[in-house]
Structure formats: structure tokens, C-alpha cells
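Here is the file query20.txt (compact mmCIF, C-alpha atoms).
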```txt
# COMPACT_ATOMS: atom_id res chain seq x y z
CA MET A 1011 38.99 -22.97 -4.43
CA THR A 1012 41.97 -23.63 -6.66
CA PRO A 1013 42.14 -22.16 -10.19
CA GLN A 1014 41.99 -25.73 -11.51
CA ASP A 1015 38.80 -26.46 -9.57
CA TYR A 1016 37.27 -23.21 -10.86
CA GLU A 1017 38.17 -24.09 -14.46
CA PHE A 1018 36.65 -27.55 -14.08
CA LEU A 1019 33.40 -26.06 -12.76
CA ARG A 1020 33.31 -23.39 -15.47
CA LYS A 1021 33.67 -26.07 -18.12
CA ILE A 1022 30.86 -28.34 -16.90
CA LEU A 1023 28.56 -25.38 -16.31
CA LYS A 1024 29.17 -24.13 -19.83
CA GLU A 1025 28.58 -27.58 -21.34
CA ARG A 1026 25.47 -28.36 -19.34
CA SER A 1027 23.68 -25.05 -19.11
CA GLY A 1028 25.42 -22.56 -21.35
CA LEU A 1029 26.30 -20.52 -18.26
CA ASP A 1030 29.34 -18.50 -19.27
CA LEU A 1031 31.22 -17.53 -16.11
CA SER A 1032 33.93 -14.96 -16.52
CA SER A 1033 37.26 -15.49 -14.77
CA ASP A 1034 36.30 -13.26 -11.83
CA LYS A 1035 33.20 -15.08 -10.63
CA GLN A 1036 34.82 -17.33 -8.02
CA TYR A 1037 32.80 -15.59 -5.30
CA LEU A 1038 29.58 -16.52 -7.05
CA VAL A 1039 30.61 -20.15 -7.35
CA GLU A 1040 31.66 -20.25 -3.70
CA SER A 1041 28.48 -18.60 -2.45
CA ARG A 1042 26.31 -21.09 -4.33
CA LEU A 1043 28.32 -24.30 -4.04
CA ILE A 1044 29.78 -24.23 -0.52
CA PRO A 1045 26.28 -24.60 1.01
CA LEU A 1046 25.62 -27.48 -1.41
CA ALA A 1047 28.95 -29.16 -0.52
CA ARG A 1048 28.27 -28.85 3.22
CA ARG A 1049 24.74 -30.19 2.84
CA ILE A 1050 26.06 -33.43 1.36
CA GLY A 1051 28.80 -33.79 3.96
CA LEU A 1052 31.77 -32.40 2.05
CA SER A 1053 34.09 -29.85 3.61
CA ASP A 1054 34.82 -27.62 0.63
CA ILE A 1055 34.57 -27.11 -3.12
CA GLY A 1056 37.74 -29.10 -3.71
CA GLU A 1057 36.04 -32.22 -2.37
CA LEU A 1058 32.94 -31.41 -4.41
CA VAL A 1059 35.02 -31.22 -7.60
CA GLN A 1060 36.68 -34.56 -6.78
CA LYS A 1061 33.25 -36.13 -6.43
CA LEU A 1062 32.09 -34.58 -9.70
CA LYS A 1063 35.15 -35.97 -11.49
CA VAL A 1064 34.11 -39.47 -10.47
CA GLY A 1065 31.02 -38.72 -12.52
CA THR A 1066 27.82 -38.76 -10.46
CA GLU A 1067 25.02 -37.47 -12.64
CA PRO A 1068 22.62 -36.39 -9.86
CA LEU A 1069 25.37 -34.35 -8.22
CA THR A 1070 26.30 -32.69 -11.50
CA SER A 1071 22.64 -31.74 -11.96
CA GLU A 1072 22.52 -30.32 -8.43
CA VAL A 1073 25.60 -28.20 -9.11
CA VAL A 1074 24.12 -26.88 -12.35
CA GLU A 1075 20.82 -26.11 -10.64
CA ALA A 1076 22.53 -24.35 -7.74
CA MET A 1077 24.44 -22.16 -10.16
CA THR A 1078 21.61 -21.36 -12.55
CA THR A 1079 18.79 -20.62 -10.12
CA ASN A 1080 18.44 -16.89 -10.12
CA GLU A 1081 16.52 -14.38 -8.13
CA THR A 1082 13.18 -13.37 -9.50
CA PHE A 1083 10.17 -11.46 -8.28
CA PHE A 1084 6.65 -10.57 -9.31
CA PHE A 1085 6.30 -7.94 -12.06
CA ARG A 1086 10.08 -7.58 -12.22
CA ASP A 1087 11.06 -4.22 -13.75
CA LYS A 1088 7.33 -3.31 -14.04
CA ILE A 1089 7.75 -1.75 -17.52
CA PRO A 1090 7.47 -5.00 -19.55
CA PHE A 1091 4.12 -5.66 -17.89
CA ASP A 1092 2.96 -2.12 -18.64
CA HIS A 1093 3.90 -2.86 -22.27
CA LEU A 1094 1.66 -5.94 -22.19
CA LYS A 1095 -1.36 -3.94 -21.05
CA GLU A 1096 -0.72 -0.88 -23.20
CA ALA A 1097 0.53 -2.34 -26.48
CA VAL A 1098 1.01 -6.09 -26.78
CA PHE A 1099 -2.35 -7.39 -25.57
CA PRO A 1100 -4.40 -4.74 -27.42
CA ALA A 1101 -2.61 -5.60 -30.68
CA LEU A 1102 -2.95 -9.35 -30.18
CA VAL A 1103 -6.62 -9.07 -29.21
CA GLN A 1104 -7.20 -7.41 -32.55
CA ALA A 1105 -5.00 -9.76 -34.58
CA ARG A 1106 -6.36 -12.96 -32.99
CA ALA A 1107 -10.02 -11.88 -32.81
CA SER A 1108 -11.24 -14.87 -34.84
CA ARG A 1109 -9.08 -17.45 -33.06
CA ARG A 1110 -9.57 -16.04 -29.52
CA ALA A 1111 -6.52 -17.95 -28.31
CA LEU A 1112 -3.00 -16.97 -27.29
CA ARG A 1113 0.13 -18.96 -26.57
CA ILE A 1114 2.78 -17.40 -24.32
CA TRP A 1115 6.15 -18.89 -23.41
CA CYS A 1116 8.02 -17.80 -20.32
CA ALA A 1117 11.55 -19.18 -20.71
CA ALA A 1118 13.78 -19.64 -17.64
CA SER A 1119 10.73 -19.09 -15.47
CA SER A 1120 12.48 -19.95 -12.21
CA THR A 1121 10.12 -20.14 -9.22
CA GLY A 1122 7.14 -18.86 -11.18
CA GLN A 1123 6.85 -15.19 -10.34
CA GLU A 1124 7.18 -14.15 -13.99
CA PRO A 1125 4.69 -16.56 -15.62
CA TYR A 1126 2.20 -15.89 -12.83
CA SER A 1127 2.68 -12.14 -13.27
CA ILE A 1128 1.79 -12.63 -16.94
CA ALA A 1129 -1.20 -14.77 -15.94
CA MET A 1130 -2.45 -12.01 -13.61
CA CYS A 1131 -2.01 -9.46 -16.41
CA VAL A 1132 -4.11 -11.67 -18.67
CA LYS A 1133 -6.80 -11.98 -16.00
CA GLU A 1134 -6.84 -8.23 -15.46
CA PHE A 1135 -7.11 -7.49 -19.19
CA ALA A 1136 -10.87 -7.43 -19.74
CA ALA A 1137 -10.72 -7.92 -23.52
CA LEU A 1138 -9.08 -11.33 -22.99
CA ALA A 1139 -11.95 -12.63 -20.87
CA GLY A 1140 -13.16 -15.90 -22.32
CA TRP A 1141 -10.06 -16.41 -24.48
CA ARG A 1142 -8.00 -19.58 -24.31
CA VAL A 1143 -4.63 -18.35 -23.05
CA GLU A 1144 -1.91 -20.94 -22.62
CA ILE A 1145 1.20 -19.93 -20.68
CA VAL A 1146 4.12 -22.36 -20.87
CA ALA A 1147 6.74 -21.94 -18.15
CA THR A 1148 10.07 -23.70 -18.63
CA ASP A 1149 13.23 -23.92 -16.61
CA LEU A 1150 16.35 -26.03 -16.45
CA SER A 1151 15.77 -26.86 -12.80
CA GLN A 1152 13.13 -29.37 -11.77
CA ASP A 1153 13.33 -28.05 -8.19
CA VAL A 1154 12.30 -24.52 -9.09
CA LEU A 1155 9.55 -25.87 -11.35
CA GLU A 1156 8.12 -27.80 -8.42
CA LYS A 1157 8.09 -24.65 -6.30
CA SER A 1158 6.51 -22.79 -9.19
CA LYS A 1159 3.78 -25.42 -9.60
CA ALA A 1160 2.88 -25.16 -5.92
CA GLY A 1161 2.54 -21.38 -6.27
CA ILE A 1162 3.37 -20.83 -2.59
CA TYR A 1163 5.42 -17.78 -1.66
CA SER A 1164 6.77 -16.22 1.51
CA GLN A 1165 5.67 -12.88 2.86
CA PHE A 1166 8.92 -11.38 1.56
CA GLU A 1167 8.39 -12.79 -1.93
CA VAL A 1168 4.85 -11.45 -2.29
CA GLN A 1169 5.93 -7.97 -1.29
CA ARG A 1170 8.57 -7.47 -3.94
CA GLY A 1171 6.79 -6.12 -7.00
CA LEU A 1172 3.30 -7.49 -6.44
CA PRO A 1173 0.68 -4.74 -6.01
CA ILE A 1174 -1.26 -5.26 -2.79
CA GLN A 1175 -4.58 -5.29 -4.65
CA LEU A 1176 -3.43 -8.32 -6.66
CA LEU A 1177 -2.20 -10.06 -3.51
CA VAL A 1178 -5.63 -9.73 -1.94
CA LYS A 1179 -7.38 -10.71 -5.15
CA TYR A 1180 -5.39 -13.75 -6.29
CA PHE A 1181 -3.67 -15.22 -3.21
CA LYS A 1182 -4.86 -17.19 -0.22
CA GLN A 1183 -3.03 -16.72 3.06
CA THR A 1184 -1.87 -19.73 5.06
CA GLY A 1185 0.03 -18.51 8.10
CA GLU A 1186 3.00 -16.58 6.80
CA LEU A 1187 2.75 -18.12 3.35
CA TRP A 1188 0.62 -17.06 0.42
CA GLN A 1189 -0.66 -19.39 -2.29
CA LEU A 1190 -1.86 -18.31 -5.69
CA SER A 1191 -5.42 -19.22 -6.54
CA ALA A 1192 -5.99 -22.47 -8.42
CA ASP A 1193 -7.42 -20.37 -11.23
CA ILE A 1194 -4.14 -18.52 -11.84
CA ARG A 1195 -2.00 -21.61 -11.26
CA GLY A 1196 -4.13 -23.49 -13.77
CA MET A 1197 -3.23 -20.99 -16.49
CA VAL A 1198 0.43 -22.02 -16.40
CA GLN A 1199 1.89 -25.30 -17.68
CA HIS A 1200 5.35 -26.26 -16.43
CA ARG A 1201 8.01 -28.11 -18.41
CA GLN A 1202 11.68 -28.76 -17.80
CA LEU A 1203 13.77 -27.39 -20.65
CA ASN A 1204 17.38 -26.55 -21.37
CA LEU A 1205 17.58 -23.54 -23.70
CA LEU A 1206 20.74 -25.02 -25.24
CA GLN A 1207 18.66 -27.86 -26.61
CA ASP A 1208 16.01 -27.92 -29.31
CA PHE A 1209 12.77 -26.29 -28.19
CA SER A 1210 10.83 -26.44 -31.46
CA HIS A 1211 8.57 -29.14 -29.97
CA LEU A 1212 6.96 -26.44 -27.79
CA GLY A 1213 5.12 -25.18 -30.88
CA THR A 1214 4.70 -21.57 -31.90
CA PHE A 1215 3.95 -18.63 -29.64
CA ASP A 1216 2.39 -15.19 -29.84
CA LEU A 1217 4.56 -13.85 -27.03
CA ILE A 1218 7.87 -15.05 -25.61
CA PHE A 1219 9.31 -13.76 -22.36
CA CYS A 1220 13.01 -14.66 -22.26
CA ARG A 1221 14.29 -12.23 -19.68
CA ASN A 1222 17.45 -12.09 -17.62
CA VAL A 1223 18.78 -15.42 -18.79
CA LEU A 1224 20.67 -14.68 -22.01
CA ILE A 1225 23.05 -12.39 -20.10
CA TYR A 1226 24.66 -15.54 -18.70
CA PHE A 1227 25.38 -17.01 -22.16
CA ASP A 1228 28.30 -16.31 -24.47
CA GLN A 1229 27.74 -14.48 -27.77
CA ASP A 1230 27.51 -17.52 -30.01
CA THR A 1231 25.00 -19.20 -27.72
CA LYS A 1232 22.88 -16.04 -27.64
CA VAL A 1233 22.92 -15.81 -31.44
CA GLY A 1234 21.84 -19.45 -31.75
CA ILE A 1235 19.01 -18.98 -29.27
CA PHE A 1236 17.76 -15.82 -31.03
CA GLU A 1237 17.75 -17.73 -34.31
CA ARG A 1238 15.72 -20.59 -32.83
CA LEU A 1239 13.37 -18.23 -30.99
CA SER A 1240 12.60 -16.49 -34.26
CA LYS A 1241 11.44 -19.79 -35.73
CA ILE A 1242 8.82 -20.44 -33.07
CA LEU A 1243 7.50 -16.88 -32.73
CA GLU A 1244 4.51 -15.93 -34.88
CA PRO A 1245 5.38 -13.34 -37.57
CA ASP A 1246 3.42 -10.69 -35.64
CA GLY A 1247 4.48 -12.02 -32.24
CA VAL A 1248 6.56 -10.28 -29.61
CA LEU A 1249 9.78 -11.20 -27.81
CA ALA A 1250 10.48 -9.61 -24.41
CA LEU A 1251 14.07 -9.48 -23.18
CA GLY A 1252 15.55 -8.30 -19.88
CA ALA A 1253 16.59 -4.73 -19.21
CA ALA A 1254 20.27 -5.56 -19.76
CA GLU A 1255 19.68 -7.65 -22.89
CA SER A 1256 19.32 -6.80 -26.57
CA VAL A 1257 19.46 -8.35 -30.01
CA VAL A 1258 21.26 -5.32 -31.40
CA GLY A 1259 24.60 -6.24 -32.91
CA LEU A 1260 23.94 -9.93 -32.39
CA SER A 1261 21.09 -11.00 -34.60
CA ASP A 1262 18.89 -9.58 -37.33
CA ALA A 1263 16.20 -12.17 -36.59
CA PHE A 1264 14.40 -9.52 -34.54
CA LYS A 1265 13.87 -5.80 -34.70
CA PRO A 1266 12.98 -3.44 -31.85
CA TYR A 1267 9.27 -2.90 -31.18
CA PRO A 1268 8.66 0.81 -31.77
CA ASP A 1269 8.73 2.89 -28.57
CA ARG A 1270 8.66 -0.18 -26.33
CA ARG A 1271 12.07 -0.75 -24.84
CA GLY A 1272 12.90 -4.40 -24.24
CA LEU A 1273 10.37 -5.68 -26.77
CA TYR A 1274 11.24 -7.08 -30.21
CA ARG A 1275 9.35 -8.37 -33.23
CA PRO A 1276 10.43 -10.91 -35.84
CA ASN A 1277 12.27 -9.20 -38.64
CA ALA A 1278 10.59 -10.10 -41.92
CA VAL A 1279 13.30 -8.41 -43.97
CA ARG A 1280 16.62 -9.97 -43.05
CA ALA A 1281 20.00 -9.28 -44.53
CA PRO A 1282 21.22 -11.94 -47.00
CA ARG A 1283 23.71 -14.18 -45.25
CA THR A 1284 26.80 -16.01 -46.32
CA GLY A 1285 27.29 -18.91 -43.93
CA SER A 1286 26.64 -18.20 -40.25
CA ALA A 1287 23.93 -15.60 -39.67
CA ALA A 1288 25.82 -14.25 -36.73
CA MET A 1289 29.21 -13.55 -38.21
CA PRO A 1290 28.53 -10.55 -40.46
CA LEU A 1291 26.53 -8.78 -37.75
CA ARG A 1292 29.09 -9.43 -35.07
CA ALA A 1293 31.82 -8.24 -37.37
CA VAL A 1294 29.87 -5.05 -37.92
CA ALA A 1295 29.36 -4.64 -34.17
CA ALA A 1296 33.06 -5.16 -33.50
CA ALA A 1297 34.05 -2.74 -36.21
CA THR A 1298 31.83 -0.03 -34.80
CA ARG A 1299 33.02 -0.34 -31.18
CA MET B 183 12.98 16.99 -2.46
CA ARG B 184 9.82 15.01 -1.66
CA THR B 185 8.71 14.54 1.91
CA CYS B 186 7.68 11.38 3.73
CA LEU B 187 5.99 11.34 7.12
CA VAL B 188 6.97 8.22 9.05
CA VAL B 189 4.37 7.38 11.69
CA ASP B 190 5.29 4.64 14.15
CA ASP B 191 5.43 4.42 17.93
CA SER B 192 8.70 2.48 17.74
CA SER B 193 11.72 4.75 17.53
CA VAL B 194 13.71 1.81 16.13
CA ILE B 195 11.29 1.34 13.24
CA ARG B 196 11.27 5.09 12.58
CA LYS B 197 15.06 5.07 12.48
CA VAL B 198 15.21 2.10 10.07
CA ALA B 199 12.53 3.65 7.83
CA ARG B 200 14.31 7.01 7.90
CA ARG B 201 17.56 5.40 6.76
CA ILE B 202 15.86 3.55 3.90
CA LEU B 203 13.77 6.52 2.73
CA GLU B 204 16.59 9.04 2.95
CA GLY B 205 18.48 6.65 0.67
CA LEU B 206 15.57 7.05 -1.74
CA ASP B 207 15.88 10.86 -1.60
CA PHE B 208 12.99 11.62 0.72
CA GLN B 209 13.07 14.28 3.41
CA ILE B 210 11.72 12.62 6.55
CA ILE B 211 9.33 13.91 9.19
CA GLU B 212 8.60 11.66 12.14
CA ALA B 213 5.53 11.22 14.33
CA GLU B 214 5.01 8.68 17.12
CA ASP B 215 1.22 8.37 16.90
CA GLY B 216 -1.74 9.26 14.71
CA GLU B 217 -2.62 12.42 16.59
CA LYS B 218 0.85 13.91 16.20
CA ALA B 219 0.86 12.83 12.56
CA LEU B 220 -2.42 14.66 12.00
CA GLU B 221 -0.90 17.83 13.50
CA VAL B 222 2.00 17.53 11.06
CA CYS B 223 -0.44 17.15 8.16
CA LYS B 224 -2.43 20.22 9.24
CA ARG B 225 0.76 22.27 8.96
CA GLY B 226 1.56 20.89 5.55
CA LEU B 227 0.78 17.71 3.65
CA PRO B 228 3.70 15.40 2.87
CA ASP B 229 4.04 13.56 -0.44
CA ALA B 230 4.04 10.17 1.24
CA ILE B 231 3.13 8.64 4.58
CA LEU B 232 4.54 5.38 5.91
CA LEU B 233 1.98 4.42 8.51
CA ASP B 234 1.93 1.92 11.38
CA TRP B 235 -1.44 0.50 12.43
CA ASN B 236 -1.20 -0.10 16.18
CA MET B 237 -0.17 3.03 18.05
CA PRO B 238 -1.30 4.69 21.30
CA ILE B 239 -3.65 7.72 21.38
CA MET B 240 -4.71 7.44 17.70
CA ASP B 241 -4.02 4.36 15.58
CA GLY B 242 -3.10 4.37 11.91
CA TYR B 243 -6.53 3.37 10.69
CA GLU B 244 -8.22 6.27 12.48
CA PHE B 245 -5.50 8.64 11.33
CA LEU B 246 -6.06 7.59 7.72
CA GLY B 247 -9.80 8.28 7.95
CA ASN B 248 -9.10 11.74 9.39
CA LEU B 249 -6.45 12.47 6.78
CA ARG B 250 -8.66 11.53 3.83
CA ARG B 251 -11.41 13.83 5.16
CA MET B 252 -9.02 16.82 5.37
CA PRO B 253 -8.98 19.36 2.52
CA GLY B 254 -6.35 18.00 0.11
CA GLY B 255 -6.01 14.92 2.29
CA ASP B 256 -6.50 12.58 -0.64
CA ALA B 257 -3.18 13.68 -2.13
CA PRO B 258 -0.52 11.97 0.02
CA LYS B 259 0.28 8.39 -0.94
CA VAL B 260 -0.25 6.29 2.16
CA VAL B 261 1.64 3.05 2.61
CA PHE B 262 0.68 1.06 5.68
CA CYS B 263 3.62 -0.64 7.40
CA THR B 264 2.37 -2.96 10.08
CA THR B 265 2.48 -6.34 11.79
CA GLU B 266 -1.25 -6.71 11.01
CA ASN B 267 -0.54 -9.17 8.23
CA ASP B 268 -3.89 -10.72 7.45
CA VAL B 269 -6.18 -10.22 4.46
CA ALA B 270 -8.96 -8.68 6.55
CA HIS B 271 -6.71 -5.86 7.77
CA ILE B 272 -5.27 -5.30 4.29
CA ALA B 273 -8.76 -5.08 2.79
CA ARG B 274 -9.87 -2.62 5.50
CA ALA B 275 -6.83 -0.44 4.88
CA LEU B 276 -7.41 -0.35 1.12
CA HIS B 277 -11.08 0.44 1.64
CA ALA B 278 -10.12 3.32 3.93
CA GLY B 279 -7.89 4.81 1.25
CA ALA B 280 -4.44 3.26 1.72
CA ASN B 281 -2.44 3.08 -1.51
CA GLU B 282 -0.14 0.22 -0.58
CA TYR B 283 0.57 -2.10 2.32
CA ILE B 284 3.81 -3.41 3.79
CA MET B 285 3.77 -6.38 6.12
CA LYS B 286 6.49 -6.20 8.75
CA PRO B 287 9.26 -7.21 8.83
CA PHE B 288 10.41 -5.22 5.83
CA ASP B 289 13.64 -4.34 4.10
CA LYS B 290 14.86 -1.76 1.61
CA ASP B 291 13.79 -3.83 -1.41
CA ILE B 292 10.23 -4.06 -0.17
CA VAL B 293 9.94 -0.36 0.64
CA THR B 294 11.44 0.53 -2.73
CA ALA B 295 9.07 -1.82 -4.58
CA LYS B 296 6.02 -0.46 -2.79
CA PHE B 297 6.99 3.18 -3.32
CA GLN B 298 7.61 2.41 -7.00
CA GLU B 299 4.22 0.76 -7.23
CA VAL B 300 2.42 3.91 -6.14
CA GLY B 301 4.55 6.14 -8.35
CA LEU B 302 6.64 7.77 -5.63
CA ILE B 303 9.91 6.67 -7.20
```
Can you turn what I pasted into C-alpha cells?
Amino acid sequence: MTPQDYEFLRKILKERSGLDLSSDKQYLVESRLIPLARRIGLSDIGELVQKLKVGTEPLTSEVVEAMTTNETFFFRDKIPFDHLKEAVFPALVQARASRRALRIWCAASSTGQEPYSIAMCVKEFAALAGWRVEIVATDLSQDVLEKSKAGIYSQFEVQRGLPIQLLVKYFKQTGELWQLSADIRGMVQHRQLNLLQDFSHLGTFDLIFCRNVLIYFDQDTKVGIFERLSKILEPDGVLALGAAESVVGLSDAFKPYPDRRGLYRPNAVRAPRTGSAAMPLRAVAAATR
Amino acid sequence: MRTCLVVDDSSVIRKVARRILEGLDFQIIEAEDGEKALEVCKRGLPDAILLDWNMPIMDGYEFLGNLRRMPGGDAPKVVFCTTENDVAHIARALHAGANEYIMKPFDKDIVTAKFQEVGLI
């Protein structure tokens, strides 16, 4: 792949998905796009770039999807799901006792392991029995959403993070594949969504899982997304980020949830801003490095 | 260092499991069937047992029953690791006292995830 081809791909990926590839990620691009190029009869990435320059929208979408589809597994990192059982759900059960309804958004939900892990947590949490719990799963890629909707996973996929008791309880075996029960699948609604675009139409949520996706965005994009997330999260709601992600130094829209690493709450008391909300904070962060 | 007893009649599987588990800081003891595994446990209980189902002399299911009836035999975390990949076998294993269940083939990620699940890592 020539440096020019790499730059071209970086630019369209940034524009279309917000994916911010550093200059040393050629291997990643090659590992994802060479199989795509070969599948459509092209010999290498150079030919793929030439075809993209002619401007075929379906191919551009395929390239973006190939680059933004990331590995996921059930109950990834385990701790966030322990937080749900130990802190988040108990607090929300109390706070929403009269409404008996929860709305949860799982952003960049990929092939569904995360929203379905949340759904299983809800099912296992006795105090939420009989509540109306709506889980909205969104992703940029229609392909992964289709896989997610089907709820069918390989033997490898169901063994990475999923406790065996939950496999037996919520999945049906068909040969070497395992399908989630209709009950769990029915708890999750799927919608295609680009996080770079407006998502206010999704409504407000009590809990937002936005894990392991913001790491691929540049600082300004992250700041903008945090700002917009804060507008659709209930004042006593919770935001869950990935293990390598944080709002610290980027946004004062959220504050850390006490003693629960990776969780954040909307910050009711925000610093007065002059112009962009991000700039003063980032300046502070830079000055303290 | 914690100990893991790897019970499998296949020396290849034992070798693969040993490599993975040593990478996770376990000291490995090997046994090629349930009877030999039981002898190991009578000398001293390991922290974890990675257990095949189908083996000559004494299979994994029978071994597990014997282990759980031993004094202190409820302590080791037992993770089945078998080609018996159907719900009925999994349910039987859990009922007999298995803590987790790996369906072969497996890799390092799966073993790590299962050992994390039962609190061994």
C-alpha cells in the first residue's frame, strides 16, 4: 500500500466514521481491506483505492464497515456488569420505583454480545422482574446489526465471557451454533446509527453503554460525543465507558461514579465556559502533562 | 503459586493445556484418567482441575462425584474440558458440581475467560 493510498483511506474513514487512524496503522488497514479487495476480484489495496476514487457508495460503505467492525464478547471485562448488579440497577430500581421502566442504550453494539449481556443481567436481577426495560442497540454497520438480531453465535463466541449457567439458561443449541432465546432477543431493539451524527432522536436514557468505541476517535470528536451524550442521559443516569476510556481532561459533562471505575454520572455543576466547552479543559490537561 | 490438575487421556491436550495454564501462573500436575487424578487429590487437593469427560478406567464424571465426596473435595474449582458439547452433558456436569465447562476445541482466550469466571484469575 502506498503512502498516498493510506492517506486517502485515512481521510474517508475519518469523514465517514470518525475513525482516527494514526500513521502507523497500515497493518490494520491491510489486514481488514485485503480480504475485502480479493472478495470483489481486486488484486490489492491500490486497486481498491482506485475504485473508491471513482465514487461507488456501496463499496465505500463496505470499506468503512470492514474497518470499524471490532471484536466483542459476552460480559467483556466483567467488572462493568458487576457494577450493574451491585450499584446501578439497585439505585435505578429505587429511583424509578413509580415508573417501573428503564431505557438503556448500547452504542456501537457490534454483533450483539454487549446488549445481550445487559439483557441477561436485567433478567437475572430479580427486582427488575415485571419492569418495562428497553435496550436500544446501535451500530454503524448494518451487517453486524443483522447478525446481532439473529442472536446466533459460534461455540467459540459463547465461551468467551459467558458463564456456562447463562449459556444453558438462555441459549438453544443447533449443531455447533447457539441461539439466544426469543425472550432475550426481544428485549433488544436494533438501529443503524453513526455516532458522528445527531442521536437526540433516540430519546433519553437511564443508562448508556458506550464502550471501546471512543478510543478510535480524535479528541474533538470525543468531546462532541460526550457533550451530546450528556444531553440524552437522565440527570441521575449512568454512562459506562471502556477500560481504556475516560472523560477526565476532555469534558466536564460527566463526573466519575464514586468507587465504580469506568462509570460516570452527568455533572450537574459544570464550569462556566467561554466558547467551546472543550478548549479550557483540554488546555488544562495539556498544561498538566 | 496455585496448582492445576490437568486430567485428560490425550498427551497432546495435556501439553496444550499445560502451556496455556503455565502462562497463567499455574503449577501443573497431570493425570491421564480419573483414577490417577483421584490418587493425586488424595495426596493433596489442587486449586483447580481441568477435566476431560471421556477417559479409560474412570471417566471425568465419575471422578467428579468421587472428588466432591472427599473431605475438602468441594474446594477445588473444576472446569470440564470435553468434546461432549451438548446441553444435556453440560447440565449433568453442573449438577454434579462442576464450576465451569469448556467445549473443545479451546484456545487460550477461552481457558482464561473460564478461569476468570470462577475466580481463579
Would you compute the distance between CA of Tyr1126 in chain A and CA of Met1197 in chain A? Give it in Å to one decimal.
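Here the two named atoms are 8.3 Å from each other.
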Under the rule that all atoms listed in the file are counted, which of B:Asp207, B:Asp268, B:Arg250, B:Ala275 is the nearest residue to chain A?
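Ranking B:Asp207, B:Asp268, B:Arg250, B:Ala275 by distance to chain A, first place goes to B:Asp268.
Residue-level contact on chain A: within 8 Å of chain B, counting only C-alpha atoms, the set is Gln1165, Phe1166, Gln1169, Arg1170, Gly1171, Pro1173, Ile1174, Val1178 and Gln1183 of chain A.
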Using all atoms listed in the file, which residues sit within 8 Å of Leu246 in chain B once same-chain residues fewer than 4 positions away are excluded, as a tab-separated table (two decimals) with C-alpha atoms, keeping the file's coordinate frame?
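Ended up saving to selection_20.tsv:
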```
chain	number	residue	atom	x	y	z
B	242	GLY	CA	-3.10	4.37	11.91
B	250	ARG	CA	-8.66	11.53	3.83
B	278	ALA	CA	-10.12	3.32	3.93
B	279	GLY	CA	-7.89	4.81	1.25
B	280	ALA	CA	-4.44	3.26	1.72
```
Which is closest to Glu1156 in chain A among A:Arg1201, A:Gly1185, A:Ala1117, A:Leu1031, if we use only C-alpha atoms?
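Distance minimum relative to Glu1156 in chain A lands on A:Arg1201.
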Hey, can you check how far CA of Ala219 in chain B sits from CA of Phe245 in chain B?
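Spanning CA of Ala219 in chain B to CA of Phe245 in chain B is a straight-line distance of 7.7 Å.
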Using all atoms listed in the file, which protein or nucleic acid residues come within 12 Å of Gln1036 in chain A? Drop anything in the same chain fewer than 6 positions from it, and give the result as number ranges by chain.
A: 1011-1017, 1019-1020, 1042-1044, 1055, 1077
For the residues selected in the previous step, produce a file with C-alpha atoms as a compact mmCIF listing (two decimals), in the coordinates of the input.
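Listed below is the output, out-v3.txt:
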```txt
# COMPACT_ATOMS: atom_id res chain seq x y z
CA MET A 1011 38.99 -22.97 -4.43
CA THR A 1012 41.97 -23.63 -6.66
CA PRO A 1013 42.14 -22.16 -10.19
CA GLN A 1014 41.99 -25.73 -11.51
CA ASP A 1015 38.80 -26.46 -9.57
CA TYR A 1016 37.27 -23.21 -10.86
CA GLU A 1017 38.17 -24.09 -14.46
CA LEU A 1019 33.40 -26.06 -12.76
CA ARG A 1020 33.31 -23.39 -15.47
CA ARG A 1042 26.31 -21.09 -4.33
CA LEU A 1043 28.32 -24.30 -4.04
CA ILE A 1044 29.78 -24.23 -0.52
CA ILE A 1055 34.57 -27.11 -3.12
CA MET A 1077 24.44 -22.16 -10.16
```
Shell of 10 Å around Thr1184 in chain A, all atoms listed in the file, local chain residues under 4 positions omitted, as a list in words
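Using all atoms listed in the file, the neighbours found are Ile1162, Ser1164, Trp1188 and Gln1189 of chain A; Asp268 of chain B.
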